[in-house]
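**Student:** Let me begin by handing over the structure; questions about it come next.
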Amino acid sequence: MHRRRFLAATGAATLVPVAARAVTPDGTFMVDSRVLGGQRRINIALPPGYAGSKRRYPVLYLLDGGAVQEDFPKITDIVAEAVSAGLAAPMIVVGIEGVDRKHDLTHPATFAKDRELLPTSGGSATYRRFLVDELRPWVGARYRTSGRGGLIGESLAGLFVVETFLREPRAFDAYLAASPSLWWDDQSLSREASSLLAKGKFVGRRLYLSIGDEGTTMQEGVDRVVTALRTKPSRGLVWRYDPMPQEHHATIYDPSARAGLAWLFPQR
């Protein structure tokens, strides 16, 4: 994506029209984090019939998961529709409200122009430790989880999803990245994709990757990751690339979530 279109790619989720009902979370909590040095607001959506059953459920961790100005209403609506239609398995949705997404969702940049563009960037490794080492155990201690977890995000959050998949594939079982901002740091993450796939352990992991009509820089990064996936197949990894040239940055998330969640978490 061209940097002049930066705000569309990295701004708050309110820049993207959300066609969804207002959703009141089943629970909203402030979760303490030692690694982040503060608290994060977490929104929980439970599947239908949760209270009356003993069933255990997979958990979908939603980046940009605020209930008012981010994507919690939209994604929980899409999950509810897919479950009701028998397309996706019931799941718990955990929305993590953003604080400084330009810091939390980006890896450190060596490319000077990108450091100037996002001066607070570079916190993805610490944010990942919060999700994996603090939030996942917190959720598991309070809800009936199956142990299977997925991570979903779009734009900068999609960049974080792809980075987590490549650098720490065992962190989650399923990954959904919609139009990931792989232009970041002169596409450095996509340039590492081949070597990271060669040394990572991807058995049992599933990846859904999509992109809209985003321009050459964004597309080049996704193309490089897809080429690495095709030429460096990892044992036990199942992945799907779903380009959507009819969509653009403001419309890509909804169809990607609908198709991707049904594929990642199929109704058994």
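Here, A, B, ... name the chains of the structure tokens in the order displayed, residue numbers run from 1 inside each chain, and ligands are numbered from 1 in the same displayed order.
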Which residues come within 6 Å of Gln267 (chain A), counting only C-alpha atoms, excluding same-chain residues fewer than 3 positions away, as number ranges by chain?

**Tutor:** A: 87-89

**Student:** Keeping only N, CA, C and O atoms, write the selected residues as a tab-separated table (two decimals), in the first residue's frame.

**Tutor:**
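Saved the output as part-v4.tsv:
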chain	number	residue	atom	x	y	z
A	87	LEU	N	-22.39	-23.12	9.50
A	87	LEU	CA	-21.15	-23.03	8.73
A	87	LEU	C	-19.91	-23.04	9.61
A	87	LEU	O	-18.84	-23.44	9.16
A	88	ALA	N	-20.03	-22.56	10.82
A	88	ALA	CA	-18.89	-22.50	11.72
A	88	ALA	C	-19.26	-23.08	13.06
A	88	ALA	O	-20.43	-23.07	13.47
A	89	ALA	N	-18.27	-23.62	13.75
A	89	ALA	CA	-18.50	-24.18	15.08
A	89	ALA	C	-18.73	-23.06	16.09
A	89	ALA	O	-18.15	-21.97	15.96

**Student:** Just want the 10 Å neighbourhood of Pro48 (chain A), counted on only C-alpha atoms, with same-chain residues fewer than 2 positions away dropped. Output as a PDB file with C-alpha atoms, in the first residue's frame.

**Tutor:**
ATOM      1  CA  ALA A  45     -18.896 -13.011  23.636  1.00  0.00           C
ATOM      2  CA  LEU A  46     -20.090 -16.482  24.612  1.00  0.00           C
ATOM      3  CA  TYR A  50     -22.928 -21.785  26.900  1.00  0.00           C
ATOM      4  CA  ALA A  51     -24.497 -21.383  30.351  1.00  0.00           C
ATOM      5  CA  GLY A  52     -26.617 -24.532  30.054  1.00  0.00           C
ATOM      6  CA  SER A  53     -23.949 -26.909  28.798  1.00  0.00           C
ATOM      7  CA  ALA A  80     -23.195 -15.595  15.261  1.00  0.00           C
ATOM      8  CA  VAL A  83     -22.857 -20.564  13.717  1.00  0.00           C
ATOM      9  CA  SER A  84     -26.603 -20.111  13.185  1.00  0.00           C
ATOM     10  CA  PRO A  90     -19.668 -22.277  18.179  1.00  0.00           C
ATOM     11  CA  MET A  91     -16.792 -20.379  19.721  1.00  0.00           C
ATOM     12  CA  ILE A  92     -15.917 -17.893  22.425  1.00  0.00           C
TER      13      ILE A  92
END

**Student:** Please report the interatomic distance between CA of Ala174 (chain A) and CA of Pro25 (chain A) in Å with one decimal.

**Tutor:**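 Computing it gives 23.0 Å between the two atoms.
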
**Student:** Would you pick out the contacts of Thr126 (chain A) at 9 Å or less, using only C-alpha atoms, so that residues sharing its chain but fewer than 2 positions from it are not included, and give the list as a count of residues only?

**Tutor:** 9

**Student:** Nearest to Ser194 (chain A) among A:Leu229, A:Met218, A:Leu237, A:Val162, with distances taken over only C-alpha atoms: which residue is it?

**Tutor:** A:Leu229

**Student:** Env of region 150-154 of chain A: 9 Å cut, atoms = only C-alpha atoms, seq-sep filter 6 positions within chain, self excluded. Answer as a PyMOL selection string.

**Tutor:** chain A and resi 9+58-64+160-161+172-181+252-253+257+264-265

**Student:** Mind checking DSSP for region 76-206 of chain A and telling me the strand (DSSP E) residues as a list in words?

**Tutor:**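 Reading the DSSP output for region 76-206 of chain A, strand (DSSP E) covers Ile92, Val93, Val94, Gly95, Ile96, Thr145, Ser146, Gly147, Arg148, Gly149, Gly150, Leu151, Ile152, Gly153, Glu154, Ala174, Tyr175, Leu176, Ala177, Ala178 and Arg206 of chain A.
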
**Student:** Mind dumping the selected residues with C-alpha atoms as a PDB file, in the first residue's frame?

**Tutor:**
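Result written to selection04.pdb:
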ATOM      1  CA  ILE A  92     -15.917 -17.893  22.425  1.00  0.00           C
ATOM      2  CA  VAL A  93     -14.836 -14.512  21.044  1.00  0.00           C
ATOM      3  CA  VAL A  94     -12.306 -12.521  23.055  1.00  0.00           C
ATOM      4  CA  GLY A  95     -11.936  -8.947  21.845  1.00  0.00           C
ATOM      5  CA  ILE A  96      -8.799  -7.073  22.910  1.00  0.00           C
ATOM      6  CA  THR A 145     -12.182 -23.700  26.499  1.00  0.00           C
ATOM      7  CA  SER A 146     -11.187 -26.603  24.272  1.00  0.00           C
ATOM      8  CA  GLY A 147      -7.550 -25.526  24.160  1.00  0.00           C
ATOM      9  CA  ARG A 148      -7.849 -24.539  20.497  1.00  0.00           C
ATOM     10  CA  GLY A 149      -7.381 -20.847  19.753  1.00  0.00           C
ATOM     11  CA  GLY A 150      -7.443 -18.595  16.728  1.00  0.00           C
ATOM     12  CA  LEU A 151      -6.141 -15.088  16.031  1.00  0.00           C
ATOM     13  CA  ILE A 152      -7.848 -12.669  13.657  1.00  0.00           C
ATOM     14  CA  GLY A 153      -6.987  -9.197  12.398  1.00  0.00           C
ATOM     15  CA  GLU A 154      -7.017  -6.830   9.441  1.00  0.00           C
ATOM     16  CA  ALA A 174      -5.682 -20.921  13.481  1.00  0.00           C
ATOM     17  CA  TYR A 175      -4.776 -17.586  11.901  1.00  0.00           C
ATOM     18  CA  LEU A 176      -6.844 -15.179   9.811  1.00  0.00           C
ATOM     19  CA  ALA A 177      -5.125 -12.163   8.241  1.00  0.00           C
ATOM     20  CA  ALA A 178      -7.177  -9.849   6.020  1.00  0.00           C
ATOM     21  CA  ARG A 206      -4.202 -23.391   9.737  1.00  0.00           C
TER      22      ARG A 206
END

**Student:** Please identify all polymer residues within 10 Å of His107 (chain A), counting only C-alpha atoms, omitting same-chain residues fewer than 3 positions from it, and present them as number ranges by chain.

**Tutor:** A: 102-104, 110, 121-126, 159-160, 163, 184-185, 188-189

**Student:** Store the residues picked out above, limited to C-alpha atoms, as a short mmCIF file (atom, residue, chain, number, x, y, z; two decimals), in the first residue's frame.

**Tutor:**
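The new file again29.cif reads:
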data_model
loop_
_atom_site.label_atom_id
_atom_site.label_comp_id
_atom_site.auth_asym_id
_atom_site.auth_seq_id
_atom_site.Cartn_x
_atom_site.Cartn_y
_atom_site.Cartn_z
CA LYS A 102 0.65 1.43 15.84
CA HIS A 103 2.98 0.35 18.65
CA ASP A 104 1.44 -2.97 19.66
CA THR A 110 14.97 -0.58 10.32
CA SER A 121 6.11 1.46 16.50
CA GLY A 122 7.92 -1.72 17.42
CA GLY A 123 6.00 -3.35 20.27
CA SER A 124 4.65 -6.52 18.67
CA ALA A 125 6.91 -8.96 20.54
CA THR A 126 5.81 -7.63 23.93
CA LEU A 159 0.45 -7.81 9.90
CA PHE A 160 0.60 -8.90 13.54
CA GLU A 163 4.14 -12.17 12.11
CA TRP A 184 5.71 -2.22 6.84
CA ASP A 185 9.50 -1.84 7.19
CA SER A 188 10.97 -7.03 5.82
CA LEU A 189 8.64 -9.68 7.29
#

**Student:** Between A:Ala250, A:Gly38, A:Gly200, A:Asp26, which residue has the minimum interatomic distance to Glu168 (chain A), considering only C-alpha atoms?

**Tutor:**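 Ranking A:Ala250, A:Gly38, A:Gly200, A:Asp26 by distance to Glu168 (chain A), first place goes to A:Gly200.
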
**Student:** Quick check for you: according to DSSP on this backbone, which residues of region 2-132 of chain A are classed as helix (DSSP H, G or I)? Reply as a ChimeraX atom specification.

**Tutor:** /A:3-10,13-15,72-84,101-104,112-117,124-132

**Student:** With only C-alpha atoms as the counted atoms, please give the residues lying no more than 8 Å from Gly236 (chain A), apart from itself and same-chain residues fewer than 6 positions off, as a PyMOL selection string.

**Tutor:** chain A and resi 202-205

**Student:** Can you tell me how far CA of Gly86 (chain A) sits from CA of Gly49 (chain A), in Å to one decimal?

**Tutor:**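 We find that CA of Gly86 (chain A) and CA of Gly49 (chain A) lie 14.9 Å from each other.
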
**Student:** Which distance in Å separates CA of Leu182 (chain A) and CA of Gly212 (chain A), to one decimal?

**Tutor:**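 If I compute the distance from CA of Leu182 (chain A) to CA of Gly212 (chain A), I get 13.1 Å.
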
**Student:** Nearest residue to Ile211 (chain A) out of A:Ala198, A:Val225, A:Met244, A:Ala193, using only C-alpha atoms?

**Tutor:**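 Ranked by minimum distance to Ile211 (chain A), first place goes to A:Met244.
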